[in-house]
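These notes are about the structure you will find just below.
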Amino acid sequence: MLYTIIKALHIIFMVSYFAGIFYLVRIFVYYKDTDEFSEEKKKILREQYTFMARRLWNIITVPAGVIMAVCGLVMIFLNPGLMKMGWFHLKLTFLIGLAIYHYWCWKKVLHLKALNGNTLETANIKLRQANEIATFILFLVVFTVILKSMAIEYWWQLISGFFVLVFLIMMTVKLVNKNKKKK
């Protein structure tokens with residue numbers, strides 16, 4: 001029973017964490033979008049986006065991530081057999097990718113604060129593409145956890161499907177960004 005409760009909490013805080021990460025990078029995109037605005041509007045919006053990013057990071061994303069990680073570690077402690085399963089090793093590999101992405105987001109939040117309203121040098125399209133990385137990691141983790149050993153058995157189909165998904169999402173981002181520039 002305890003394991004099931006911890007698992008439910010892990011899933012709830014995983015959802016909260018990803019919601020925070022998804023919106024955080026979107027705030028970076030919105031900040032960059034202000035490049036075209038008047039100085040007065042740019043100043044006000046950049047200040048607000050920086051404030052929002054810091055609050056989102058400190059109040060939602062990091063606490064949810066910590067609770068998610070603690071619940072995950074408790075589940076490993078309660079069921080050490082997980083560490084002997086190939087699919088779980090694959091999940092942990094994807095979580096290393098998530099940790100790297102988390103670190104990138106944290107550095108961007110700090111950078112936004114240090115900019116003090118100045119221009120963010122990262123290209124808009126790069127931020128929009130970076131916004132999709134968490135989506136890819138979420139897909140990989142969820143499919144691995146749901147399929148378990150089948151994720152190992154049918155790895156090439158999963159990888160092929162993943163690359164098709166990545167391609168479609170990246171092309172959609174480029175198309176949307178291209179149409180935005182025309183307007």
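Residues are named by chain letter and number: chains run A, B, ... in the order of the structure tokens, numbers start at 1 in each chain, and ligands are numbered from 1 in the order shown.
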Close residues, stretch 71-82 of chain A itself excluded, 12 Å, only C-alpha atoms, min 5 positions apart in chain, as a list in words: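 In the requested format, the answer is Met1, Leu2, Tyr3, Thr4, Ile5, Ile6, Lys7, Ala8, Leu9, His10, Ile11, Ile12, Phe13, Met14, Ala64, Gly65, Val66, Trp87, Phe88, His89, Leu90, Lys91, Leu92, Leu95, Val145, Lys148 and Ser149 of chain A.
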Go ahead and compute the interatomic distance for atom CA of A:Ile100 and atom CA of A:Met68, in Å to one decimal.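 Separation between atom CA of A:Ile100 and atom CA of A:Met68: 16.3 Å.
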Long-range neighbours of A:Leu147 as a PyMOL selection string, 12 Å cut-off, only C-alpha atoms, 4 positions minimum in chain: chain A and resi 86-88+90-91+139-143+151-155+158
Atom CA of A:Leu45 to atom CA of A:Trp104: how many Å, to one decimal?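 Spanning atom CA of A:Leu45 to atom CA of A:Trp104 is a straight-line distance of 22.5 Å.
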Distance criterion (only C-alpha atoms): nearest to A:Tyr31 out of A:Thr172, A:Asn131, A:Asn124, A:Asn179: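 Ranking A:Thr172, A:Asn131, A:Asn124, A:Asn179 by distance to A:Tyr31, first place goes to A:Asn124.
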